[in-house]
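Structure, as structure tokens:
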Amino acid sequence: MTTPRPLENHQLLSRFQALDGFLREHQSLWRPRPFTQLSLPWEAEHPALANWLRQRSLSEAEAAHNHPEHLDAPAPFTALARAALQLSEIGELSTHAVPAASHRLNVDVPGRKWQQIEAFASHLNFSAQPQHWLDWCSGKGHLGRRLLQGDSQQLTCLEYDPALVAAGQALSQHHNLSSQHHLQDVLAADAERHLSSEHTAVALHACGDLHVRLIQLASQSGCRQLAIAPCCYNRIRAPQYQALSAAAMASGLQLSIDDLGLPLSETVTAGARVRRQRDESMARRLGFDLLQRQLRGTDQYLPTPSLPVSWLHKPFADYCRDLAALKDLHIDHTPDWDALQAQGWQRLAQVRNLELLRNLFRRPLELWLVLDRALYLQEQGYRVQLGVFCQQPLTPRNLMLLAERQ
């Protein structure tokens, strides 16, 4: 079996076009959200698959959540899973030896985050040695400090939270490192003043518009090198996705903010307590959803606000009454609260299992989005590589763009 390799050169466009065709052809399967619809349009076309998924338990859905492609489900599930897996195949970027940190830089950094930093650093295999690191949306600057090697290199950190800027500057001074921490909203018009052709800009899990802004400004400023691990594609100000590359602009695929959230539905880090709270919250919302459809006399989902965890301690009846009051709904009868709560849990099992079909398209859509960024950088004169920098259990957001001025 051939080991997958990172994508570069002409492979970027050819893979993008293949993914684009796959996603456009099967939009009817991945766009509808089971959480908001009692029945999905594709169920009439694929009744055997729909019935099979609806009869499975919540625990079965949970077991298949991260790897739905392994399910032996009725057609067309298996064929779609095979195609999605093939189109999403991508290798690890080449590694290089990173000198051990000369200071105790990992103190006060969560273990998983430090592992991500180490993995990110080990894949920064540029042809020329970086001279000036620019840590974009740096927080306290943990990544930038880890990359800084020797007195010949400089570090600039940009962060919009004053407390994090102050904490980062204090840590750099404590370790006697040559770095500057600037208070900067990277979406502001004056952010470009911090970028120049001498910079190697890095961003580990900067969300949505934040990493797109870096790609655009770095291209305009002629930054010599970039390394970006994108995250949270749905954190954008526009009402729908704004394509970057010529290929994405030419595509007929129009993505809503809800669509952009699909790649983020994969989770690997939540503990048992968090999962229990999440399940109970969703089951209650789904039970309330059945009630609000009755009260409003309309078979449509009603968005509800995020609620504190303390709401889960309320009796289900009080939960529904208080949520109805928040949405200006009047409960004019006495529902069978136990039956309604049980229906919420039943719907949760069905929703989670129906989502398994949609989840086959998580990685193809994410790769489509990151390839749009890669192709844009290529159009701006960069040599671009796209691959993974760590395994999925460390973080599902493990795709990384390396770009270097030709």
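Chain identifiers are assigned as A, B, and so on, following the order in which chains appear in the structure tokens; residues are numbered from 1 within each chain, and ligands are numbered from 1 in order of appearance.
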
Using only C-alpha atoms, which residues sit within 9 Å of A:Pro230 once same-chain residues fewer than 3 positions away are excluded, as a list in words?
Ala203, Leu204, His205, Ala206, Cys207, Gly208, His211, Val212, Tyr233, Val370, Arg397, Asn398, Leu399, Met400 and Leu401 of chain A

Just want the 9 Å neighbourhood of stretch 116-124 of chain A, counted on only C-alpha atoms, with same-chain residues fewer than 2 positions away dropped. Output as a ChimeraX atom specification.
/A:92-98,111-114,126,142-143,146-147,204,227,229,389-390,394-395,398,400,402

Next, dump the selected residues to file, keeping only N, CA and C atoms, as an mmCIF file, in the first residue's frame.
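The resulting file, result_5.cif, is reproduced below:
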```cif
data_model
loop_
_atom_site.group_PDB
_atom_site.id
_atom_site.type_symbol
_atom_site.label_atom_id
_atom_site.label_comp_id
_atom_site.auth_asym_id
_atom_site.auth_seq_id
_atom_site.Cartn_x
_atom_site.Cartn_y
_atom_site.Cartn_z
ATOM 1 N N GLU A 92 1.678 13.148 5.591
ATOM 2 C CA GLU A 92 2.299 14.017 6.584
ATOM 3 C C GLU A 92 3.408 14.844 5.938
ATOM 4 N N LEU A 93 3.486 16.104 6.297
ATOM 5 C CA LEU A 93 4.578 16.955 5.845
ATOM 6 C C LEU A 93 5.895 16.427 6.396
ATOM 7 N N SER A 94 6.969 16.669 5.670
ATOM 8 C CA SER A 94 8.267 16.185 6.131
ATOM 9 C C SER A 94 8.663 16.882 7.431
ATOM 10 N N THR A 95 9.403 16.163 8.234
ATOM 11 C CA THR A 95 9.804 16.690 9.537
ATOM 12 C C THR A 95 11.273 17.077 9.531
ATOM 13 N N HIS A 96 11.657 17.848 10.524
ATOM 14 C CA HIS A 96 13.071 18.159 10.727
ATOM 15 C C HIS A 96 13.309 18.233 12.222
ATOM 16 N N ALA A 97 14.541 18.013 12.593
ATOM 17 C CA ALA A 97 14.878 18.006 14.017
ATOM 18 C C ALA A 97 14.772 19.411 14.586
ATOM 19 N N VAL A 98 14.017 19.540 15.643
ATOM 20 C CA VAL A 98 13.889 20.829 16.332
ATOM 21 C C VAL A 98 14.725 20.768 17.601
ATOM 22 N N GLY A 111 -1.040 20.168 28.408
ATOM 23 C CA GLY A 111 -0.235 19.135 27.761
ATOM 24 C C GLY A 111 -0.577 18.914 26.307
ATOM 25 N N ARG A 112 -1.871 18.845 25.984
ATOM 26 C CA ARG A 112 -2.274 18.619 24.596
ATOM 27 C C ARG A 112 -1.855 19.787 23.707
ATOM 28 N N LYS A 113 -1.992 21.007 24.218
ATOM 29 C CA LYS A 113 -1.602 22.180 23.443
ATOM 30 C C LYS A 113 -0.101 22.181 23.189
ATOM 31 N N TRP A 114 0.684 21.793 24.204
ATOM 32 C CA TRP A 114 2.134 21.766 24.014
ATOM 33 C C TRP A 114 2.525 20.701 22.988
ATOM 34 N N PHE A 126 11.334 24.689 6.048
ATOM 35 C CA PHE A 126 11.536 25.680 4.990
ATOM 36 C C PHE A 126 12.916 25.505 4.352
ATOM 37 N N HIS A 142 3.245 31.271 23.268
ATOM 38 C CA HIS A 142 3.917 29.995 23.530
ATOM 39 C C HIS A 142 4.531 29.411 22.255
ATOM 40 N N LEU A 143 3.806 29.470 21.140
ATOM 41 C CA LEU A 143 4.332 28.927 19.885
ATOM 42 C C LEU A 143 5.575 29.690 19.447
ATOM 43 N N ARG A 146 8.651 28.926 21.392
ATOM 44 C CA ARG A 146 9.194 27.595 21.101
ATOM 45 C C ARG A 146 9.993 27.589 19.795
ATOM 46 N N LEU A 147 9.601 28.440 18.850
ATOM 47 C CA LEU A 147 10.281 28.472 17.554
ATOM 48 C C LEU A 147 11.579 29.269 17.587
ATOM 49 N N LEU A 204 -1.173 28.871 14.540
ATOM 50 C CA LEU A 204 -1.644 27.544 14.948
ATOM 51 C C LEU A 204 -3.062 27.685 15.479
ATOM 52 N N ALA A 227 3.296 29.479 7.685
ATOM 53 C CA ALA A 227 2.870 28.157 8.135
ATOM 54 C C ALA A 227 1.566 28.335 8.902
ATOM 55 N N ALA A 229 -2.034 26.368 10.371
ATOM 56 C CA ALA A 229 -2.947 25.259 10.648
ATOM 57 C C ALA A 229 -4.317 25.882 10.896
ATOM 58 N N PHE A 389 0.195 17.605 10.162
ATOM 59 C CA PHE A 389 1.342 17.821 11.044
ATOM 60 C C PHE A 389 1.255 16.996 12.327
ATOM 61 N N CYS A 390 0.128 16.317 12.536
ATOM 62 C CA CYS A 390 -0.008 15.422 13.685
ATOM 63 C C CYS A 390 -1.145 14.455 13.401
ATOM 64 N N LEU A 394 -4.658 13.797 18.426
ATOM 65 C CA LEU A 394 -4.100 14.987 19.074
ATOM 66 C C LEU A 394 -4.952 16.208 18.779
ATOM 67 N N THR A 395 -5.390 16.337 17.537
ATOM 68 C CA THR A 395 -6.359 17.358 17.140
ATOM 69 C C THR A 395 -6.911 16.995 15.766
ATOM 70 N N ASN A 398 -5.749 19.033 11.937
ATOM 71 C CA ASN A 398 -4.334 18.690 11.784
ATOM 72 C C ASN A 398 -3.785 18.969 10.395
ATOM 73 N N MET A 400 -2.070 21.397 7.608
ATOM 74 C CA MET A 400 -1.101 22.491 7.724
ATOM 75 C C MET A 400 -0.650 22.940 6.343
ATOM 76 N N LEU A 402 2.170 25.030 4.273
ATOM 77 C CA LEU A 402 3.501 25.623 4.257
ATOM 78 C C LEU A 402 3.660 26.377 2.946
#
```

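Picture a line from atom CA of A:His70 to atom CA of A:Leu369; it runs 24.4 Å.
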
Skipping near chain neighbours, those fewer than 5 positions away, what residues fall within 9 Å of A:Ser219 using only C-alpha atoms, listed as a VMD selection string?
chain A and resid 214 224 377 380 to 382

What's the 12 Å shell around A:Thr267, counting only C-alpha atoms, without same-chain residues fewer than 3 positions away, as a PDB file with all heavy atoms, in the first residue's frame?
```pdb
ATOM      1  N   GLU A  62     -22.460   7.058  18.933  1.00  0.00           N
ATOM      2  CA  GLU A  62     -21.263   7.616  19.567  1.00  0.00           C
ATOM      3  C   GLU A  62     -20.016   6.817  19.178  1.00  0.00           C
ATOM      4  O   GLU A  62     -18.959   7.391  18.906  1.00  0.00           O
ATOM      5  CB  GLU A  62     -21.448   7.608  21.089  1.00  0.00           C
ATOM      6  CG  GLU A  62     -20.380   8.357  21.866  1.00  0.00           C
ATOM      7  CD  GLU A  62     -20.451   9.863  21.696  1.00  0.00           C
ATOM      8  OE1 GLU A  62     -21.530  10.371  21.332  1.00  0.00           O
ATOM      9  OE2 GLU A  62     -19.416  10.524  21.909  1.00  0.00           O
ATOM     10  N   ALA A  64     -19.419   5.258  16.460  1.00  0.00           N
ATOM     11  CA  ALA A  64     -19.060   5.458  15.051  1.00  0.00           C
ATOM     12  C   ALA A  64     -18.780   6.907  14.699  1.00  0.00           C
ATOM     13  O   ALA A  64     -18.419   7.212  13.555  1.00  0.00           O
ATOM     14  CB  ALA A  64     -20.190   4.937  14.159  1.00  0.00           C
ATOM     15  N   HIS A  65     -18.919   7.814  15.675  1.00  0.00           N
ATOM     16  CA  HIS A  65     -18.878   9.256  15.389  1.00  0.00           C
ATOM     17  C   HIS A  65     -17.601   9.690  14.674  1.00  0.00           C
ATOM     18  O   HIS A  65     -17.654  10.401  13.665  1.00  0.00           O
ATOM     19  CB  HIS A  65     -19.024  10.036  16.699  1.00  0.00           C
ATOM     20  CG  HIS A  65     -18.830  11.518  16.541  1.00  0.00           C
ATOM     21  ND1 HIS A  65     -19.797  12.339  16.017  1.00  0.00           N
ATOM     22  CD2 HIS A  65     -17.768  12.314  16.838  1.00  0.00           C
ATOM     23  CE1 HIS A  65     -19.345  13.579  15.983  1.00  0.00           C
ATOM     24  NE2 HIS A  65     -18.127  13.600  16.484  1.00  0.00           N
ATOM     25  N   ASN A  66     -16.450   9.290  15.173  1.00  0.00           N
ATOM     26  CA  ASN A  66     -15.192   9.767  14.591  1.00  0.00           C
ATOM     27  C   ASN A  66     -14.791   9.016  13.334  1.00  0.00           C
ATOM     28  O   ASN A  66     -13.985   9.521  12.545  1.00  0.00           O
ATOM     29  CB  ASN A  66     -14.070   9.688  15.622  1.00  0.00           C
ATOM     30  CG  ASN A  66     -14.159  10.800  16.652  1.00  0.00           C
ATOM     31  OD1 ASN A  66     -14.845  11.804  16.441  1.00  0.00           O
ATOM     32  ND2 ASN A  66     -13.490  10.635  17.781  1.00  0.00           N
ATOM     33  N   HIS A  67     -15.334   7.806  13.148  1.00  0.00           N
ATOM     34  CA  HIS A  67     -14.963   7.031  11.954  1.00  0.00           C
ATOM     35  C   HIS A  67     -16.205   6.382  11.338  1.00  0.00           C
ATOM     36  O   HIS A  67     -16.323   5.150  11.296  1.00  0.00           O
ATOM     37  CB  HIS A  67     -13.926   5.968  12.313  1.00  0.00           C
ATOM     38  CG  HIS A  67     -12.602   6.543  12.714  1.00  0.00           C
ATOM     39  ND1 HIS A  67     -11.733   7.104  11.794  1.00  0.00           N
ATOM     40  CD2 HIS A  67     -12.024   6.689  13.930  1.00  0.00           C
ATOM     41  CE1 HIS A  67     -10.663   7.549  12.430  1.00  0.00           C
ATOM     42  NE2 HIS A  67     -10.818   7.318  13.719  1.00  0.00           N
ATOM     43  N   LEU A 262     -19.622  22.129   9.546  1.00  0.00           N
ATOM     44  CA  LEU A 262     -19.587  20.671   9.425  1.00  0.00           C
ATOM     45  C   LEU A 262     -18.222  20.071   9.767  1.00  0.00           C
ATOM     46  O   LEU A 262     -18.165  19.097  10.535  1.00  0.00           O
ATOM     47  CB  LEU A 262     -20.025  20.256   8.012  1.00  0.00           C
ATOM     48  CG  LEU A 262     -19.952  18.761   7.693  1.00  0.00           C
ATOM     49  CD1 LEU A 262     -20.794  17.947   8.674  1.00  0.00           C
ATOM     50  CD2 LEU A 262     -20.404  18.498   6.250  1.00  0.00           C
ATOM     51  N   PRO A 263     -17.099  20.593   9.254  1.00  0.00           N
ATOM     52  CA  PRO A 263     -15.802  19.982   9.602  1.00  0.00           C
ATOM     53  C   PRO A 263     -15.487  20.016  11.095  1.00  0.00           C
ATOM     54  O   PRO A 263     -14.667  19.233  11.568  1.00  0.00           O
ATOM     55  CB  PRO A 263     -14.790  20.829   8.814  1.00  0.00           C
ATOM     56  CG  PRO A 263     -15.558  21.426   7.698  1.00  0.00           C
ATOM     57  CD  PRO A 263     -16.916  21.680   8.266  1.00  0.00           C
ATOM     58  N   LEU A 264     -16.134  20.904  11.836  1.00  0.00           N
ATOM     59  CA  LEU A 264     -15.818  21.075  13.255  1.00  0.00           C
ATOM     60  C   LEU A 264     -16.641  20.164  14.148  1.00  0.00           C
ATOM     61  O   LEU A 264     -16.480  20.199  15.373  1.00  0.00           O
ATOM     62  CB  LEU A 264     -16.054  22.536  13.660  1.00  0.00           C
ATOM     63  CG  LEU A 264     -15.425  23.583  12.741  1.00  0.00           C
ATOM     64  CD1 LEU A 264     -15.834  24.968  13.182  1.00  0.00           C
ATOM     65  CD2 LEU A 264     -13.916  23.450  12.713  1.00  0.00           C
ATOM     66  N   ALA A 270     -13.379  15.666  24.401  1.00  0.00           N
ATOM     67  CA  ALA A 270     -14.370  15.873  25.458  1.00  0.00           C
ATOM     68  C   ALA A 270     -14.358  14.719  26.457  1.00  0.00           C
ATOM     69  O   ALA A 270     -14.340  13.548  26.078  1.00  0.00           O
ATOM     70  CB  ALA A 270     -15.761  16.025  24.854  1.00  0.00           C
ATOM     71  N   GLY A 271     -14.380  15.062  27.757  1.00  0.00           N
ATOM     72  CA  GLY A 271     -14.434  14.063  28.801  1.00  0.00           C
ATOM     73  C   GLY A 271     -15.846  13.522  28.989  1.00  0.00           C
ATOM     74  O   GLY A 271     -16.814  14.038  28.419  1.00  0.00           O
ATOM     75  N   VAL A 274     -18.467  16.075  30.296  1.00  0.00           N
ATOM     76  CA  VAL A 274     -18.846  17.040  29.259  1.00  0.00           C
ATOM     77  C   VAL A 274     -19.770  16.391  28.238  1.00  0.00           C
ATOM     78  O   VAL A 274     -20.753  16.991  27.790  1.00  0.00           O
ATOM     79  CB  VAL A 274     -17.588  17.609  28.577  1.00  0.00           C
ATOM     80  CG1 VAL A 274     -17.965  18.472  27.376  1.00  0.00           C
ATOM     81  CG2 VAL A 274     -16.764  18.421  29.571  1.00  0.00           C
ATOM     82  N   ARG A 275     -19.473  15.135  27.877  1.00  0.00           N
ATOM     83  CA  ARG A 275     -20.324  14.440  26.907  1.00  0.00           C
ATOM     84  C   ARG A 275     -21.724  14.212  27.471  1.00  0.00           C
ATOM     85  O   ARG A 275     -22.721  14.352  26.754  1.00  0.00           O
ATOM     86  CB  ARG A 275     -19.688  13.113  26.494  1.00  0.00           C
ATOM     87  CG  ARG A 275     -18.446  13.258  25.632  1.00  0.00           C
ATOM     88  CD  ARG A 275     -18.131  11.966  24.897  1.00  0.00           C
ATOM     89  NE  ARG A 275     -17.905  10.857  25.818  1.00  0.00           N
ATOM     90  CZ  ARG A 275     -16.721  10.534  26.335  1.00  0.00           C
ATOM     91  NH1 ARG A 275     -15.655  11.261  26.016  1.00  0.00           N
ATOM     92  NH2 ARG A 275     -16.597   9.511  27.155  1.00  0.00           N
ATOM     93  N   ASN A 359     -21.534  13.155   8.211  1.00  0.00           N
ATOM     94  CA  ASN A 359     -20.156  13.210   8.697  1.00  0.00           C
ATOM     95  C   ASN A 359     -19.148  12.621   7.728  1.00  0.00           C
ATOM     96  O   ASN A 359     -17.943  12.886   7.844  1.00  0.00           O
ATOM     97  CB  ASN A 359     -20.054  12.505  10.051  1.00  0.00           C
ATOM     98  CG  ASN A 359     -20.744  13.274  11.161  1.00  0.00           C
ATOM     99  OD1 ASN A 359     -21.103  14.435  10.979  1.00  0.00           O
ATOM    100  ND2 ASN A 359     -20.957  12.635  12.293  1.00  0.00           N
ATOM    101  N   ARG A 362     -17.275  15.501   6.222  1.00  0.00           N
ATOM    102  CA  ARG A 362     -16.536  16.455   7.063  1.00  0.00           C
ATOM    103  C   ARG A 362     -15.153  16.749   6.489  1.00  0.00           C
ATOM    104  O   ARG A 362     -14.783  17.907   6.262  1.00  0.00           O
ATOM    105  CB  ARG A 362     -16.378  15.902   8.486  1.00  0.00           C
ATOM    106  CG  ARG A 362     -17.561  16.014   9.377  1.00  0.00           C
ATOM    107  CD  ARG A 362     -17.269  15.562  10.781  1.00  0.00           C
ATOM    108  NE  ARG A 362     -16.751  14.209  10.867  1.00  0.00           N
ATOM    109  CZ  ARG A 362     -17.045  13.347  11.839  1.00  0.00           C
ATOM    110  NH1 ARG A 362     -17.856  13.712  12.808  1.00  0.00           N
ATOM    111  NH2 ARG A 362     -16.525  12.142  11.863  1.00  0.00           N
ATOM    112  N   GLN A 392      -4.773  12.500  14.140  1.00  0.00           N
ATOM    113  CA  GLN A 392      -6.099  13.005  14.478  1.00  0.00           C
ATOM    114  C   GLN A 392      -6.425  12.985  15.968  1.00  0.00           C
ATOM    115  O   GLN A 392      -7.073  13.919  16.461  1.00  0.00           O
ATOM    116  CB  GLN A 392      -7.151  12.209  13.687  1.00  0.00           C
ATOM    117  CG  GLN A 392      -8.577  12.657  13.901  1.00  0.00           C
ATOM    118  CD  GLN A 392      -9.420  11.568  14.549  1.00  0.00           C
ATOM    119  OE1 GLN A 392      -8.888  10.655  15.182  1.00  0.00           O
ATOM    120  NE2 GLN A 392     -10.721  11.674  14.382  1.00  0.00           N
ATOM    121  N   PRO A 393      -5.988  11.973  16.747  1.00  0.00           N
ATOM    122  CA  PRO A 393      -6.322  12.015  18.177  1.00  0.00           C
ATOM    123  C   PRO A 393      -5.762  13.226  18.918  1.00  0.00           C
ATOM    124  O   PRO A 393      -6.332  13.648  19.928  1.00  0.00           O
ATOM    125  CB  PRO A 393      -5.704  10.707  18.714  1.00  0.00           C
ATOM    126  CG  PRO A 393      -5.688   9.800  17.527  1.00  0.00           C
ATOM    127  CD  PRO A 393      -5.368  10.689  16.362  1.00  0.00           C
ATOM    128  N   LEU A 394      -4.658  13.797  18.426  1.00  0.00           N
ATOM    129  CA  LEU A 394      -4.100  14.987  19.074  1.00  0.00           C
ATOM    130  C   LEU A 394      -4.952  16.208  18.779  1.00  0.00           C
ATOM    131  O   LEU A 394      -5.201  17.042  19.646  1.00  0.00           O
ATOM    132  CB  LEU A 394      -2.653  15.207  18.631  1.00  0.00           C
ATOM    133  CG  LEU A 394      -1.897  16.359  19.286  1.00  0.00           C
ATOM    134  CD1 LEU A 394      -1.908  16.225  20.800  1.00  0.00           C
ATOM    135  CD2 LEU A 394      -0.463  16.428  18.760  1.00  0.00           C
ATOM    136  N   THR A 395      -5.390  16.337  17.537  1.00  0.00           N
ATOM    137  CA  THR A 395      -6.359  17.358  17.140  1.00  0.00           C
ATOM    138  C   THR A 395      -6.911  16.995  15.766  1.00  0.00           C
ATOM    139  O   THR A 395      -6.132  16.688  14.851  1.00  0.00           O
ATOM    140  CB  THR A 395      -5.761  18.776  17.084  1.00  0.00           C
ATOM    141  OG1 THR A 395      -6.737  19.668  16.502  1.00  0.00           O
ATOM    142  CG2 THR A 395      -4.491  18.853  16.278  1.00  0.00           C
ATOM    143  N   PRO A 396      -8.245  17.039  15.592  1.00  0.00           N
ATOM    144  CA  PRO A 396      -8.807  16.816  14.252  1.00  0.00           C
ATOM    145  C   PRO A 396      -8.407  17.911  13.265  1.00  0.00           C
ATOM    146  O   PRO A 396      -8.401  17.680  12.060  1.00  0.00           O
ATOM    147  CB  PRO A 396     -10.321  16.823  14.496  1.00  0.00           C
ATOM    148  CG  PRO A 396     -10.500  16.595  15.945  1.00  0.00           C
ATOM    149  CD  PRO A 396      -9.295  17.199  16.603  1.00  0.00           C
ATOM    150  N   ARG A 397      -8.064  19.099  13.775  1.00  0.00           N
ATOM    151  CA  ARG A 397      -7.630  20.199  12.904  1.00  0.00           C
ATOM    152  C   ARG A 397      -6.115  20.062  12.681  1.00  0.00           C
ATOM    153  O   ARG A 397      -5.324  20.856  13.176  1.00  0.00           O
ATOM    154  CB  ARG A 397      -7.957  21.557  13.535  1.00  0.00           C
ATOM    155  CG  ARG A 397      -9.391  21.771  13.986  1.00  0.00           C
ATOM    156  CD  ARG A 397     -10.327  22.069  12.854  1.00  0.00           C
ATOM    157  NE  ARG A 397     -10.595  20.918  12.010  1.00  0.00           N
ATOM    158  CZ  ARG A 397     -11.402  19.912  12.355  1.00  0.00           C
ATOM    159  NH1 ARG A 397     -11.990  19.878  13.522  1.00  0.00           N
ATOM    160  NH2 ARG A 397     -11.609  18.908  11.522  1.00  0.00           N
TER     161      ARG A 397
END
```

Residue contacts of A:Gly252 (10 Å, only C-alpha atoms) excluding same-chain residues fewer than 6 positions away, as JSON, numbers by chain
{"A": [20, 21, 24]}

Could the residues in this selection be written to a file with N, CA, C and O atoms, as an mmCIF file, in the first residue's frame?
```
data_model
loop_
_atom_site.group_PDB
_atom_site.id
_atom_site.type_symbol
_atom_site.label_atom_id
_atom_site.label_comp_id
_atom_site.auth_asym_id
_atom_site.auth_seq_id
_atom_site.Cartn_x
_atom_site.Cartn_y
_atom_site.Cartn_z
ATOM 1 N N ASP A 20 -14.423 19.183 -5.332
ATOM 2 C CA ASP A 20 -15.504 20.094 -5.695
ATOM 3 C C ASP A 20 -16.629 19.338 -6.390
ATOM 4 O O ASP A 20 -17.811 19.533 -6.073
ATOM 5 N N GLY A 21 -16.264 18.458 -7.318
ATOM 6 C CA GLY A 21 -17.278 17.664 -8.009
ATOM 7 C C GLY A 21 -18.034 16.747 -7.060
ATOM 8 O O GLY A 21 -19.259 16.617 -7.140
ATOM 9 N N ARG A 24 -20.371 18.890 -4.710
ATOM 10 C CA ARG A 24 -21.520 19.459 -5.426
ATOM 11 C C ARG A 24 -22.527 18.370 -5.799
ATOM 12 O O ARG A 24 -23.732 18.569 -5.717
#
```

Produce a table with one row for each residue of stretch 163-273 of chain A that has an atom at most 12 Å from any atom of stretch 28-36 of chain A, each row naming the nearest atom pair and its distance in Å at one decimal; use only C-alpha atoms; arrange rows by chain and rising residue number; format as a Markdown table.
```
| residue | atom | partner | partner_atom | distance |
| --- | --- | --- | --- | --- |
| A:Leu253 | CA | A:Arg31 | CA | 11.3 |
| A:Gln254 | CA | A:Arg31 | CA | 10.9 |
| A:Leu255 | CA | A:Arg31 | CA | 9.3 |
| A:Ser256 | CA | A:Arg31 | CA | 9.4 |
| A:Ile257 | CA | A:Arg31 | CA | 11.2 |
| A:Asp258 | CA | A:Arg31 | CA | 8.5 |
| A:Asp259 | CA | A:Arg31 | CA | 6.6 |
| A:Leu260 | CA | A:Arg31 | CA | 10.2 |
| A:Gly261 | CA | A:Arg31 | CA | 10.8 |
| A:Leu262 | CA | A:Trp30 | CA | 8.7 |
| A:Pro263 | CA | A:Trp30 | CA | 11.2 |
| A:Ser265 | CA | A:Arg33 | CA | 11.9 |
```

Please list as a PyMOL selection string every residue within 10 Å of A:Ala201, counting only C-alpha atoms and excluding residues in the same chain fewer than 2 positions away.
chain A and resi 130+132-136+144+155-157+195-196+198-199+203+214-215+218+223-228+403

I need the residues from that last selection saved to file as a compact mmCIF listing (two decimals), in the first residue's frame (with N, CA, C and O atoms), if you can.
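Written file, result_34.txt:
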```txt
# COMPACT_ATOMS: atom_id res chain seq x y z
N PRO A 130 14.40 30.66 8.85
CA PRO A 130 13.67 31.88 9.22
C PRO A 130 14.52 32.79 10.10
O PRO A 130 15.29 32.32 10.94
N HIS A 132 12.93 36.03 11.28
CA HIS A 132 12.01 36.83 12.12
C HIS A 132 10.65 36.16 12.13
O HIS A 132 9.89 36.23 11.17
N TRP A 133 10.33 35.50 13.23
CA TRP A 133 9.04 34.84 13.38
C TRP A 133 7.95 35.87 13.70
O TRP A 133 8.17 36.79 14.48
N LEU A 134 6.79 35.69 13.10
CA LEU A 134 5.62 36.51 13.41
C LEU A 134 4.52 35.55 13.87
O LEU A 134 3.96 34.80 13.07
N ASP A 135 4.24 35.57 15.18
CA ASP A 135 3.23 34.69 15.76
C ASP A 135 1.89 35.41 15.74
O ASP A 135 1.66 36.36 16.48
N TRP A 136 1.01 34.96 14.85
CA TRP A 136 -0.27 35.61 14.54
C TRP A 136 -1.35 35.11 15.50
O TRP A 136 -1.51 33.91 15.65
N GLY A 144 5.47 31.02 19.42
CA GLY A 144 6.60 31.84 18.97
C GLY A 144 7.85 31.60 19.79
O GLY A 144 8.96 31.48 19.25
N LEU A 155 11.42 37.63 17.27
CA LEU A 155 10.04 37.18 17.39
C LEU A 155 9.12 38.37 17.63
O LEU A 155 9.39 39.21 18.51
N THR A 156 8.06 38.45 16.85
CA THR A 156 6.99 39.42 17.06
C THR A 156 5.69 38.67 17.27
O THR A 156 5.35 37.78 16.47
N CYS A 157 4.97 39.00 18.33
CA CYS A 157 3.69 38.36 18.64
C CYS A 157 2.58 39.39 18.54
O CYS A 157 2.69 40.48 19.10
N LEU A 195 3.73 43.46 9.16
CA LEU A 195 4.22 42.43 8.25
C LEU A 195 5.21 43.00 7.25
O LEU A 195 5.04 44.13 6.78
N SER A 196 6.22 42.22 6.93
CA SER A 196 7.19 42.62 5.92
C SER A 196 7.73 41.37 5.22
O SER A 196 7.45 40.24 5.62
N GLU A 198 10.53 40.15 5.40
CA GLU A 198 11.48 39.41 6.23
C GLU A 198 10.81 38.41 7.16
O GLU A 198 11.47 37.60 7.79
N HIS A 199 9.49 38.45 7.25
CA HIS A 199 8.80 37.65 8.26
C HIS A 199 8.50 36.23 7.80
O HIS A 199 8.20 35.97 6.63
N ALA A 203 0.67 30.56 12.34
CA ALA A 203 -0.63 30.63 13.02
C ALA A 203 -1.10 29.21 13.28
O ALA A 203 -1.36 28.45 12.33
N LEU A 214 -4.49 36.76 7.66
CA LEU A 214 -3.04 36.58 7.59
C LEU A 214 -2.62 36.20 6.17
O LEU A 214 -1.64 36.75 5.63
N ILE A 215 -3.33 35.28 5.57
CA ILE A 215 -3.00 34.85 4.21
C ILE A 215 -3.03 36.04 3.25
O ILE A 215 -2.14 36.22 2.42
N ALA A 218 -0.20 38.75 4.34
CA ALA A 218 1.14 38.22 4.10
C ALA A 218 1.46 38.23 2.61
O ALA A 218 2.59 38.53 2.21
N CYS A 223 5.53 38.50 2.59
CA CYS A 223 6.17 37.65 3.60
C CYS A 223 6.86 36.47 2.92
O CYS A 223 6.28 35.83 2.05
N ARG A 224 8.06 36.18 3.38
CA ARG A 224 8.84 35.15 2.70
C ARG A 224 8.31 33.75 2.95
O ARG A 224 8.39 32.88 2.07
N GLN A 225 7.75 33.51 4.14
CA GLN A 225 7.30 32.17 4.49
C GLN A 225 6.06 32.24 5.37
O GLN A 225 5.91 33.16 6.18
N LEU A 226 5.20 31.23 5.24
CA LEU A 226 4.01 31.12 6.09
C LEU A 226 3.81 29.66 6.49
O LEU A 226 4.10 28.75 5.71
N ALA A 227 3.30 29.48 7.68
CA ALA A 227 2.87 28.16 8.13
C ALA A 227 1.57 28.33 8.90
O ALA A 227 1.53 29.05 9.91
N ILE A 228 0.51 27.71 8.42
CA ILE A 228 -0.81 27.93 8.99
C ILE A 228 -1.52 26.60 9.17
O ILE A 228 -1.60 25.79 8.24
N ALA A 403 3.97 27.63 3.01
CA ALA A 403 4.11 28.46 1.81
C ALA A 403 5.42 29.23 1.86
O ALA A 403 5.78 29.79 2.90
```

Please extract the residues of stretch 97-271 of chain A with a backbone DSSP assignment of alpha helix (DSSP H) and present them as JSON, numbers by chain.
{"A": [111, 112, 113, 114, 115, 116, 117, 118, 119, 120, 121, 122, 142, 143, 144, 145, 146, 147, 162, 163, 164, 165, 166, 167, 168, 169, 170, 171, 172, 173, 174, 208, 209, 210, 211, 212, 213, 214, 215, 216, 217, 218, 219, 220, 221, 246, 247, 248, 249, 250, 257, 258, 259, 260]}

Who sits within 12 Å of A:Ala247, only C-alpha atoms, same chain under 4 positions skipped, as a ChimeraX atom specification:
/A:12-21,243,251-253,368-369,371-376,378-379
